[in-house]
Amino acid sequence: MAVKEKQQLKVVGHSVPRLDADDKVRGKLQYGIDYTVPGMHVGKVLRSPHAHALIRNIDASGAIALPGVKAVVTSLDIPVNKYGAIRDDEYLFAHEKVRYAGEEVCGVVAVDEETAAAALKRIHVEYEELDYVTHPLDALKEGAPQIHRDCPDNVALSYQIARGDVDQAFRKAHRVVSGRYEIPMSHQTHLEPLAAVVEVSGKKLTVHTAAQEAFFTRREIAHCLALEETDVIIHVLMAGGGFGARCDQKLPLVAAALAWKAGVSVKLVNNREDEMASGRPLMPVVVDLELAVDREGRFLGKKTRITAENGAYTSVAPAMLSVAATRSDSLYRYPALFTEAALVYTNKPPSSAYRGFGNQQIHFPMESLIDEAATALGKDPVELRLLNATREGDISIHGWEIKSCGLTQSLMLVRDKYRELAQHIRDSREVGSPKRRGLGVAAFIHVSGNRTTLPEFGGSSAMIKFNHNGKVQVFSGETCVGQGVHTVFAQIAAEVLGLNAADVEVVLGNTDETPFALGCHASRVTTLGGNAVLRAARDAAEKIRTAAAGLTGGVPDDIEIDGGFIYNRTTGRKLSFAEVARHVVLVKQSGIPLISFGVYEPAIEMPDMKTKYGNLSAAYPFGAHLVEVEVDTETGSVEVKRVFAVHDSGKAINPMMIEGQIEGGVAMGIGFTLFEEMIYEQGVLKNKSLADYKIPTMMDIPPIQVALVETEDPEGPFGAKGVGETPLLATAPAIANAIYHATGVRIRKLPFTPQHVHAQLTRENEDC
Amino acid sequence: MWTMAEKKMTIKITVNEVLYQDEVLTGMTLLAFLREQLKLTGTKEGCGNGQCGACTVIMDGKAVNSCLVLAVQADGARITTIEGVEGPDGLHPLQQAFIDEGAVQCGFCTPGMILSAKALLDENADPDEGEIKEALSGNLCRCTGYVKIIRAVKNAARRLSGGLDHGR
């Protein structure tokens with residue numbers, strides 16, 4: 001998709017206020033937790049209190065006997081209880097044993113909340129507790145409890161990737177730096193808990209829920225309940241945040257099973273504790289890295305070992321491991337590398353999509369280690385990155401085609417800011433004060449969608465319908481998880497059709513009404529979905545011109561479209577869209593609306609399963625962040641004082657919205673880096689409430705300055721690339737690098753809580 | 001033997017200028033009363049124990065977490081929920097400012113944020129950034145990073161004091 005000629009863009013590129021904001025500020029928008037249908041019953045789930053245990057018996061007789069209880073559902077009631085996003089090793093309801101505390105054991109359907117709660121209390125489950133493991137390295141030890149019968153060593157999968165001659169690279173190296181980096185489990189903590197209302201109507205189920213991947217959720221429900229996919233309708237609601245938690249979400253599947261078994265409509269909502277303990281959290285990793293550099297600082301080769309935690313079942317962690325094992329390799333020009341990756345079962349919730357999808361798990365180690373290389377060589381960390389940076393036109397070590405790349409520009413902007421602030425840092429040092437300030441930099445690369453989701457199809461499609469009154473509707477199967485997809489799609493269509501964004505209605509993700517789509521993940525919706533909308537809009541414009549030429553005389557090329565009108569340059573006639581549409585729909589097509597389609601299938605490939613080589617994304621966003629921190633060396637407290645976030649996401653379709661994404665992502669990154677960790681004791685999550693699992697509040701956020709480097713990507717709509725996941729890729733390493741700058745201490749394990757930082761600072765002092 | 005949840009009481013409560021007289025279970029929170037009995041679902045539940053602020057309403061002039069208030073405690077009180085913020089002529093300046101400044105993403109925290117901000121501005125017409133942050137520090141947001149929310153509150157403060165006039 002070539003970037004349009006440099007005409008003045010009237011809608012795209014402008015900070016159009018979000019089209020759904022009005023309903024939200026009035027409190028009118030219905031989220032899953034608000035949704036009701038008449039005759040709705042309440043569903044509740046009984047969850048395992050144990051990390052690992054055999055289920056000896058489930059006695060639900062007391063619950064079934066309770067007046068008002070419509071059904072009790074266990075694994076025995078589910079036609080195909082075994083399922084999985086990538087590998088069928090998970091169970092809708094626990095089968096024979098439970099593998100993590102919080103796992104679904106059975107469910108009840110009752111007339112109201114109180115009865116459902118009382119029913120749960122009357123279900124008695126006999127468990128026989130087993131040994132458990134809550135760290136992947138423990139799961140790999142000799143004698144560790146076996147979590148799955150068909151996986152004796154608890155290694156769900158493992159592989160190696162080799163490029164070039166890495167041994168030679170290390171032999172030739174002037175310096176080799178290495179380190180072990182650790183990232184624990186953390187939680188997306190979207191504000192609205194997962195919720196679903198499932199209606200039963202004959203043989204059809206309608207699931208009202210916020211889903212990031214509506215068609216994928218539909219497929220899983222149909223699989224488990226042995227239904228035709230088209231007999232399951234997903235009606236996608238606005239999400240109160242997702243950040244990946246609504247990708248492979250289990251709750252709608254459980255809700256559907258309850259409704260289907262009970263034969264009545266059911267509403268199922270997680271409470272906050274269930275949300276935290278029984279969700280799909282971030283994939284923890286232990287990463288061992290080695291980097292070989294020459295005298296000038298050129299990267300000669302690297303060796304990586306990633307031990308990733310799968311959790312009790314396989315959600316989408318294999319895909320995330322792929323990301324961790326490859327994505328940062330295309331940020332710089334590496335001649336050689338060797339990577340070992342292993343995904344290990346533990347008795348914790350299944351690791352799953354968390355904004356970044358495995359990419360921050362490798363950026364934290366890599367961007368930290370690169371700074372360590374800079375220190376070892378006595379080189380400036382930004383200069384070292386500039387020396388090795390990927391450039392436009394490169395084909396990376398994994399075969400990625402870099403058609404646009406603002407990395408060098410981003411680094412240069414960061415370098416300028418660094419120089420500007422360096423004196424301020426020096427000036428900030430007070431004699432006798434325990435506080436130290438430092439600056440840290442990190443760069444990043446991401447994708448705009450990627451091919452590995454579904455082998456047959458890696459693009460998007462859209463339909464545009466002109467109704468007989470001239471009103472335009474855009475239909476797309478992509479979903480919005482809060483980032484503003486309706487607005488972006490409306491802007492794209494409006495630009496082509498000469499309308500205001502507010503005149504375009506966008507219908508998203510209803511599996512009965514919209515085309516099949518892969519959904520909201522991998523920062524793909526603007527680039528791929530947007531391109532489909534753009535093509536559909538161009539097709540619509542063509543059809544309007546043809547119809548208008550028919551009506552006003554002349555040829556389609558004579559017709560101009562603007563402001564909801566068509567103008568015939570040659571004959572001088574002017575008609576409204578409504579007049580054109582009415583004629584076409586009623587007179588010429590006997591009622592069939594004017595429909596156009598747009599399909600975007602990017603020229604990407606499914607990487608080779610074994611070698612992982614292949615250009616898997618339409619467009620690659622880049623960027624760099626600079627962070628200023630203040631470390632209190634007496635308490636270990638780290639405060640982020642300032643963030644300068646430079647992003648190359650191609651053309652900014654809506655600058656205000658991109659800024660909002662970046663600011664929000666930086667805030668999430670600060671939480672991820674400084675205080676978020678799911679703490680397990682005796683196999684059970686201890687910090688289940690928001691009092692104990694703290695996410696950033698308004699008090700924790702420093703001034704965030706955003707700079708956009710708008711490269712012209714040839715693929716993206718108007719040149720746009722993805723942005724959703726990029727803002728928190730650089731945060732952890734930039735903060736780690738800033739702490740090093742401030743204190744001379746390198747911390748390699750997240751989160752940087754005061755206790756942890758203080759312990760590292762003290763240990764370093766003792767070592768001296 | 002009775003449990004608290006089983007006992008009922010009649011309360012009189014004014015919500016968004018409308019007086020209701022209703023029977024409630026003594027264990028029912030104000031949040032549940034608003035959402036389930038009055039069907040005012042604009043006020044959200046995010047955590048159920050006073051941590052997230054999504055359930056914020058204004059009760060007798062003060063911003064409160066309605067999940068921590070029992071409906072019976074609100075007997076005789078005046079409550080403003082998000083549904084009561086807009087005026088007969090249209091959106092409240094805070095609501096308009098949130099839209100204009102891009103302070104709304106998923107929107108789930110928005111009602112609570114607006115109520116906390118309204119309680120602040122009703123008491124302090126010209127808060128500085130520190131006062132805004134403190135007043136809204138009990139409202140969590142995972143989408144926006146708070147930057148544009150702070151800007152929206154400042155924008156609304158200016159509008160309310162007659163400073164800014166465009167955009168209405």
# chains A, B, ... in the order shown; residues from 1 in each chain; ligands from 1
>>> residues_around(residues="segment 33-49 of chain B", least_positions_apart="3", cutoff="10 Å", atoms="only C-alpha atoms", output="JSON, numbers by chain")
{"A": [23, 24, 25, 26, 27, 28, 29, 30, 31, 33, 34, 35, 189, 190, 191, 192, 193, 240, 270, 271, 272, 273, 275, 689, 690, 691], "B": [15, 20, 22, 23, 24, 25, 28, 29, 30, 52, 53, 54, 55, 56, 57, 65, 66, 67, 68, 70, 71, 72, 79, 81, 82, 83, 84, 108, 109, 110, 111, 112, 115, 140]}
>>> residues_around(residues="segment 194-209 of chain A", least_positions_apart="6", cutoff="6 Å", atoms="only C-alpha atoms", output="PyMOL selection string")
chain A and resi 32-33+231-237+252+256+264-270
>>> write_last_selection(atoms="all heavy atoms", output="short mmCIF file (atom, residue, chain, number, x, y, z; two decimals), in the first residue's frame")
data_model
loop_
_atom_site.label_atom_id
_atom_site.label_comp_id
_atom_site.auth_asym_id
_atom_site.auth_seq_id
_atom_site.Cartn_x
_atom_site.Cartn_y
_atom_site.Cartn_z
N GLY A 32 -19.22 -5.41 29.97
CA GLY A 32 -19.69 -6.75 30.32
C GLY A 32 -20.32 -6.81 31.69
O GLY A 32 -21.35 -7.46 31.88
N ILE A 33 -19.74 -6.11 32.66
CA ILE A 33 -20.30 -6.18 34.01
C ILE A 33 -21.67 -5.51 34.11
O ILE A 33 -22.43 -5.78 35.03
CB ILE A 33 -19.37 -5.57 35.08
CG1 ILE A 33 -19.13 -4.07 34.81
CG2 ILE A 33 -18.07 -6.33 35.19
CD1 ILE A 33 -18.76 -3.34 36.09
N ASP A 231 -23.19 -21.45 15.22
CA ASP A 231 -24.25 -21.46 16.23
C ASP A 231 -23.82 -20.77 17.52
O ASP A 231 -24.56 -20.75 18.50
CB ASP A 231 -24.70 -22.90 16.52
CG ASP A 231 -25.55 -23.47 15.39
OD1 ASP A 231 -26.13 -22.65 14.63
OD2 ASP A 231 -25.63 -24.70 15.27
N VAL A 232 -22.61 -20.25 17.51
CA VAL A 232 -22.12 -19.49 18.65
C VAL A 232 -21.87 -18.08 18.14
O VAL A 232 -21.10 -17.87 17.22
CB VAL A 232 -20.81 -20.07 19.20
CG1 VAL A 232 -20.28 -19.21 20.35
CG2 VAL A 232 -21.01 -21.51 19.66
N ILE A 233 -22.58 -17.13 18.71
CA ILE A 233 -22.42 -15.74 18.27
C ILE A 233 -21.70 -14.97 19.37
O ILE A 233 -22.12 -14.99 20.53
CB ILE A 233 -23.79 -15.10 18.02
CG1 ILE A 233 -24.53 -15.89 16.94
CG2 ILE A 233 -23.64 -13.63 17.61
CD1 ILE A 233 -26.03 -15.72 17.00
N ILE A 234 -20.61 -14.32 18.99
CA ILE A 234 -19.93 -13.47 19.96
C ILE A 234 -20.35 -12.04 19.66
O ILE A 234 -20.08 -11.53 18.57
CB ILE A 234 -18.40 -13.58 19.87
CG1 ILE A 234 -17.95 -15.05 19.85
CG2 ILE A 234 -17.74 -12.80 21.00
CD1 ILE A 234 -18.17 -15.80 21.14
N HIS A 235 -20.99 -11.44 20.59
CA HIS A 235 -21.34 -10.03 20.47
C HIS A 235 -20.34 -9.27 21.33
O HIS A 235 -20.38 -9.34 22.56
CB HIS A 235 -22.78 -9.80 20.95
CG HIS A 235 -23.12 -8.35 21.12
ND1 HIS A 235 -23.87 -7.86 22.17
CD2 HIS A 235 -22.79 -7.28 20.36
CE1 HIS A 235 -24.00 -6.56 22.04
NE2 HIS A 235 -23.35 -6.18 20.96
N VAL A 236 -19.43 -8.58 20.66
CA VAL A 236 -18.31 -7.97 21.38
C VAL A 236 -18.71 -6.67 22.04
O VAL A 236 -19.20 -5.75 21.38
CB VAL A 236 -17.12 -7.75 20.43
CG1 VAL A 236 -15.96 -7.08 21.17
CG2 VAL A 236 -16.65 -9.07 19.84
N LEU A 237 -18.47 -6.58 23.32
CA LEU A 237 -18.73 -5.36 24.08
C LEU A 237 -17.43 -4.59 24.25
O LEU A 237 -16.34 -5.16 24.09
CB LEU A 237 -19.29 -5.72 25.47
CG LEU A 237 -20.56 -6.58 25.48
CD1 LEU A 237 -20.88 -6.99 26.90
CD2 LEU A 237 -21.72 -5.81 24.87
N PRO A 252 -15.40 -16.52 29.23
CA PRO A 252 -16.55 -16.71 28.33
C PRO A 252 -16.81 -18.18 28.00
O PRO A 252 -17.95 -18.58 27.76
CB PRO A 252 -16.16 -15.94 27.06
CG PRO A 252 -15.08 -15.03 27.47
CD PRO A 252 -14.37 -15.69 28.60
N ALA A 256 -20.28 -19.93 28.84
CA ALA A 256 -21.03 -20.60 27.78
C ALA A 256 -21.39 -22.03 28.21
O ALA A 256 -22.52 -22.49 27.99
CB ALA A 256 -20.23 -20.61 26.48
N VAL A 264 -30.39 -21.98 30.40
CA VAL A 264 -30.88 -20.62 30.67
C VAL A 264 -29.76 -19.64 30.45
O VAL A 264 -28.58 -20.00 30.43
CB VAL A 264 -31.41 -20.47 32.12
CG1 VAL A 264 -32.64 -21.33 32.34
CG2 VAL A 264 -30.32 -20.78 33.13
N SER A 265 -30.12 -18.38 30.32
CA SER A 265 -29.09 -17.35 30.18
C SER A 265 -28.35 -17.17 31.48
O SER A 265 -28.93 -17.22 32.56
CB SER A 265 -29.75 -16.03 29.78
OG SER A 265 -30.48 -16.22 28.58
N VAL A 266 -27.07 -16.97 31.37
CA VAL A 266 -26.21 -16.90 32.56
C VAL A 266 -25.27 -15.72 32.47
O VAL A 266 -24.71 -15.44 31.42
CB VAL A 266 -25.36 -18.19 32.68
CG1 VAL A 266 -24.35 -18.07 33.82
CG2 VAL A 266 -26.26 -19.40 32.91
N LYS A 267 -25.10 -15.03 33.59
CA LYS A 267 -24.07 -13.99 33.68
C LYS A 267 -22.98 -14.48 34.62
O LYS A 267 -23.26 -14.94 35.72
CB LYS A 267 -24.67 -12.69 34.22
CG LYS A 267 -23.66 -11.54 34.31
CD LYS A 267 -24.37 -10.24 34.62
CE LYS A 267 -23.42 -9.06 34.59
NZ LYS A 267 -24.14 -7.79 34.72
N LEU A 268 -21.76 -14.36 34.17
CA LEU A 268 -20.61 -14.77 34.98
C LEU A 268 -19.63 -13.61 35.04
O LEU A 268 -19.22 -13.09 34.00
CB LEU A 268 -19.95 -16.01 34.37
CG LEU A 268 -18.75 -16.61 35.11
CD1 LEU A 268 -19.16 -17.12 36.48
CD2 LEU A 268 -18.15 -17.75 34.30
N VAL A 269 -19.28 -13.20 36.22
CA VAL A 269 -18.35 -12.08 36.41
C VAL A 269 -17.29 -12.50 37.41
O VAL A 269 -17.61 -13.08 38.44
CB VAL A 269 -19.09 -10.83 36.95
CG1 VAL A 269 -18.12 -9.66 37.13
CG2 VAL A 269 -20.23 -10.43 36.03
N ASN A 270 -16.06 -12.22 37.12
CA ASN A 270 -14.99 -12.47 38.09
C ASN A 270 -15.01 -11.40 39.17
O ASN A 270 -15.22 -10.23 38.87
CB ASN A 270 -13.62 -12.41 37.41
CG ASN A 270 -13.17 -13.73 36.85
OD1 ASN A 270 -13.73 -14.77 37.16
ND2 ASN A 270 -12.14 -13.69 36.03
#
>>> residues_around(residues="Leu499 of chain A", least_positions_apart="5", cutoff="6 Å", atoms="only C-alpha atoms", output="VMD selection string")
chain A and resid 494 563 to 564
>>> write_last_selection(atoms="N, CA and C atoms", output="mmCIF file, in the first residue's frame")
data_model
loop_
_atom_site.group_PDB
_atom_site.id
_atom_site.type_symbol
_atom_site.label_atom_id
_atom_site.label_comp_id
_atom_site.auth_asym_id
_atom_site.auth_seq_id
_atom_site.Cartn_x
_atom_site.Cartn_y
_atom_site.Cartn_z
ATOM 1 N N ALA A 494 -13.310 8.175 6.539
ATOM 2 C CA ALA A 494 -13.763 9.552 6.325
ATOM 3 C C ALA A 494 -12.810 10.312 5.405
ATOM 4 N N GLY A 563 -17.271 16.365 1.598
ATOM 5 C CA GLY A 563 -18.257 16.871 2.564
ATOM 6 C C GLY A 563 -19.624 16.222 2.486
ATOM 7 N N GLY A 564 -19.677 14.960 2.039
ATOM 8 C CA GLY A 564 -20.972 14.297 1.937
ATOM 9 C C GLY A 564 -21.693 14.599 0.636
#
>>> select_by_dssp(residues="chain B", states="alpha helix (DSSP H)", output="PyMOL selection string")
chain B and resi 30-32+93-100+110-123+129-135+147-160
>>> write_last_selection(atoms="C-alpha atoms", output="short mmCIF file (atom, residue, chain, number, x, y, z; two decimals), in the first residue's frame")
data_model
loop_
_atom_site.label_atom_id
_atom_site.label_comp_id
_atom_site.auth_asym_id
_atom_site.auth_seq_id
_atom_site.Cartn_x
_atom_site.Cartn_y
_atom_site.Cartn_z
CA LEU B 30 -24.40 1.76 48.21
CA LEU B 31 -22.68 0.59 45.00
CA ALA B 32 -24.93 -2.45 44.69
CA PRO B 93 -17.30 21.09 31.57
CA LEU B 94 -15.44 18.19 33.14
CA GLN B 95 -17.11 15.72 30.79
CA GLN B 96 -16.40 17.93 27.80
CA ALA B 97 -12.81 18.45 28.91
CA PHE B 98 -12.25 14.70 29.23
CA ILE B 99 -13.41 14.27 25.65
CA ASP B 100 -11.44 17.22 24.27
CA THR B 110 -13.88 7.64 33.71
CA PRO B 111 -17.05 7.95 35.79
CA GLY B 112 -15.11 7.61 39.05
CA MET B 113 -12.45 10.04 37.85
CA ILE B 114 -15.03 12.61 36.88
CA LEU B 115 -16.80 12.35 40.21
CA SER B 116 -13.56 12.71 42.17
CA ALA B 117 -12.62 15.67 40.01
CA LYS B 118 -16.03 17.22 40.44
CA ALA B 119 -15.83 16.89 44.21
CA LEU B 120 -12.44 18.62 44.06
CA LEU B 121 -13.57 21.47 41.81
CA ASP B 122 -16.77 21.99 43.80
CA GLU B 123 -14.55 22.73 46.78
CA GLU B 129 -1.33 19.92 39.81
CA GLY B 130 -0.38 18.57 43.23
CA GLU B 131 -3.91 19.07 44.55
CA ILE B 132 -5.41 17.42 41.49
CA LYS B 133 -3.13 14.42 41.86
CA GLU B 134 -3.90 14.06 45.52
CA ALA B 135 -7.66 14.30 45.01
CA VAL B 147 -1.40 12.63 31.95
CA LYS B 148 -4.40 13.70 29.93
CA ILE B 149 -6.74 13.24 32.87
CA ILE B 150 -4.80 15.85 34.83
CA ARG B 151 -4.87 18.12 31.82
CA ALA B 152 -8.64 17.64 31.50
CA VAL B 153 -9.24 18.61 35.12
CA LYS B 154 -7.15 21.77 34.67
CA ASN B 155 -9.04 22.54 31.47
CA ALA B 156 -12.37 22.10 33.24
CA ALA B 157 -11.28 24.30 36.13
CA ARG B 158 -10.47 27.08 33.69
CA ARG B 159 -13.79 26.68 31.90
CA LEU B 160 -15.76 26.69 35.13
#
>>> closest_residue(among="A:Ile55, A:Leu387, A:Ala144, A:Met238", to="Gly482 of chain A", atoms="only C-alpha atoms")
A:Met238
>>> residues_around(residues="Arg524 of chain A", least_positions_apart="2", cutoff="6 Å", atoms="only C-alpha atoms", output="list of chain:residue names")
A:Ser448, A:Gly449, A:Ala522, A:Thr526, A:Thr527, A:Leu528, A:Gly722
>>> write_last_selection(atoms="C-alpha atoms", output="PDB file, in the first residue's frame")
ATOM      1  CA  SER A 448       2.459  -4.558  13.451  1.00  0.00           C
ATOM      2  CA  GLY A 449       0.731  -7.911  13.550  1.00  0.00           C
ATOM      3  CA  ALA A 522       0.344  -7.845  18.255  1.00  0.00           C
ATOM      4  CA  THR A 526      -4.380   0.022  12.888  1.00  0.00           C
ATOM      5  CA  THR A 527      -1.957  -1.329  10.290  1.00  0.00           C
ATOM      6  CA  LEU A 528      -3.820  -4.397   9.093  1.00  0.00           C
ATOM      7  CA  GLY A 722       1.475  -0.349  15.334  1.00  0.00           C
TER       8      GLY A 722
END
>>> closest_residue(among="B:Glu6, B:Asp128, B:Asp60, B:Val69", to="chain A", atoms="only C-alpha atoms")
B:Glu6
>>> residues_around(residues="Ile161 of chain A", least_positions_apart="3", cutoff="9 Å", atoms="only C-alpha atoms", output="PyMOL selection string")
chain A and resi 325-326+337-341+610-612
>>> write_last_selection(atoms="N, CA, C and O atoms", output="PDB file, in the first residue's frame")
ATOM      1  N   ALA A 325      12.444 -15.086  21.903  1.00  0.00           N
ATOM      2  CA  ALA A 325      13.629 -15.727  21.328  1.00  0.00           C
ATOM      3  C   ALA A 325      14.118 -15.060  20.047  1.00  0.00           C
ATOM      4  O   ALA A 325      15.200 -15.385  19.562  1.00  0.00           O
ATOM      5  N   THR A 326      13.318 -14.167  19.467  1.00  0.00           N
ATOM      6  CA  THR A 326      13.735 -13.600  18.183  1.00  0.00           C
ATOM      7  C   THR A 326      13.584 -12.090  18.024  1.00  0.00           C
ATOM      8  O   THR A 326      14.344 -11.460  17.298  1.00  0.00           O
ATOM      9  N   LEU A 337      24.228 -15.466  15.925  1.00  0.00           N
ATOM     10  CA  LEU A 337      23.613 -15.658  17.235  1.00  0.00           C
ATOM     11  C   LEU A 337      23.268 -17.123  17.459  1.00  0.00           C
ATOM     12  O   LEU A 337      23.144 -17.894  16.514  1.00  0.00           O
ATOM     13  N   PHE A 338      23.131 -17.473  18.704  1.00  0.00           N
ATOM     14  CA  PHE A 338      22.683 -18.803  19.082  1.00  0.00           C
ATOM     15  C   PHE A 338      21.741 -18.640  20.258  1.00  0.00           C
ATOM     16  O   PHE A 338      22.110 -18.033  21.263  1.00  0.00           O
ATOM     17  N   THR A 339      20.532 -19.170  20.111  1.00  0.00           N
ATOM     18  CA  THR A 339      19.517 -19.005  21.157  1.00  0.00           C
ATOM     19  C   THR A 339      18.910 -20.345  21.515  1.00  0.00           C
ATOM     20  O   THR A 339      18.540 -21.122  20.641  1.00  0.00           O
ATOM     21  N   GLU A 340      18.823 -20.591  22.799  1.00  0.00           N
ATOM     22  CA  GLU A 340      18.113 -21.773  23.294  1.00  0.00           C
ATOM     23  C   GLU A 340      16.894 -21.279  24.044  1.00  0.00           C
ATOM     24  O   GLU A 340      17.008 -20.373  24.863  1.00  0.00           O
ATOM     25  N   ALA A 341      15.770 -21.904  23.758  1.00  0.00           N
ATOM     26  CA  ALA A 341      14.548 -21.466  24.425  1.00  0.00           C
ATOM     27  C   ALA A 341      13.818 -22.680  24.973  1.00  0.00           C
ATOM     28  O   ALA A 341      13.709 -23.704  24.291  1.00  0.00           O
ATOM     29  N   LYS A 610      11.142 -24.637  11.992  1.00  0.00           N
ATOM     30  CA  LYS A 610      12.369 -25.052  12.664  1.00  0.00           C
ATOM     31  C   LYS A 610      13.371 -23.919  12.776  1.00  0.00           C
ATOM     32  O   LYS A 610      13.950 -23.694  13.816  1.00  0.00           O
ATOM     33  N   THR A 611      13.594 -23.210  11.694  1.00  0.00           N
ATOM     34  CA  THR A 611      14.647 -22.193  11.717  1.00  0.00           C
ATOM     35  C   THR A 611      14.145 -20.838  12.211  1.00  0.00           C
ATOM     36  O   THR A 611      14.950 -19.971  12.521  1.00  0.00           O
ATOM     37  N   LYS A 612      12.839 -20.627  12.222  1.00  0.00           N
ATOM     38  CA  LYS A 612      12.222 -19.354  12.630  1.00  0.00           C
ATOM     39  C   LYS A 612      12.574 -18.227  11.661  1.00  0.00           C
ATOM     40  O   LYS A 612      12.469 -17.057  12.000  1.00  0.00           O
TER      41      LYS A 612
END
>>> closest_residue(among="B:Gln51, B:Asn124, B:Thr14, B:Thr80", to="chain A", atoms="only C-alpha atoms")
B:Gln51
>>> closest_residue(among="B:Gly162, B:Gly145, B:Gly87, B:Gly107", to="Gln661 of chain A", atoms="only C-alpha atoms")
B:Gly145
>>> closest_residue(among="B:Gly76, B:Gly102, B:Ala63, B:Pro88", to="Leu136 of chain B", atoms="only C-alpha atoms")
B:Ala63
>>> residues_around(residues="segment 699-702 of chain A", least_positions_apart="6", cutoff="10 Å", atoms="only C-alpha atoms", output="PyMOL selection string")
(chain A and resi 627-629+639-643+663-664+666-668+670-671) or (chain B and resi 130+132-134+136-138+145-147)
>>> closest_residue(among="B:Val64, B:Val104, B:Met59, B:Ala74", to="chain A", atoms="only C-alpha atoms")
B:Val104
>>> atom_distance(atom1="atom CA of Thr726 of chain A", atom2="atom CA of Phe243 of chain A")
12.0 Å
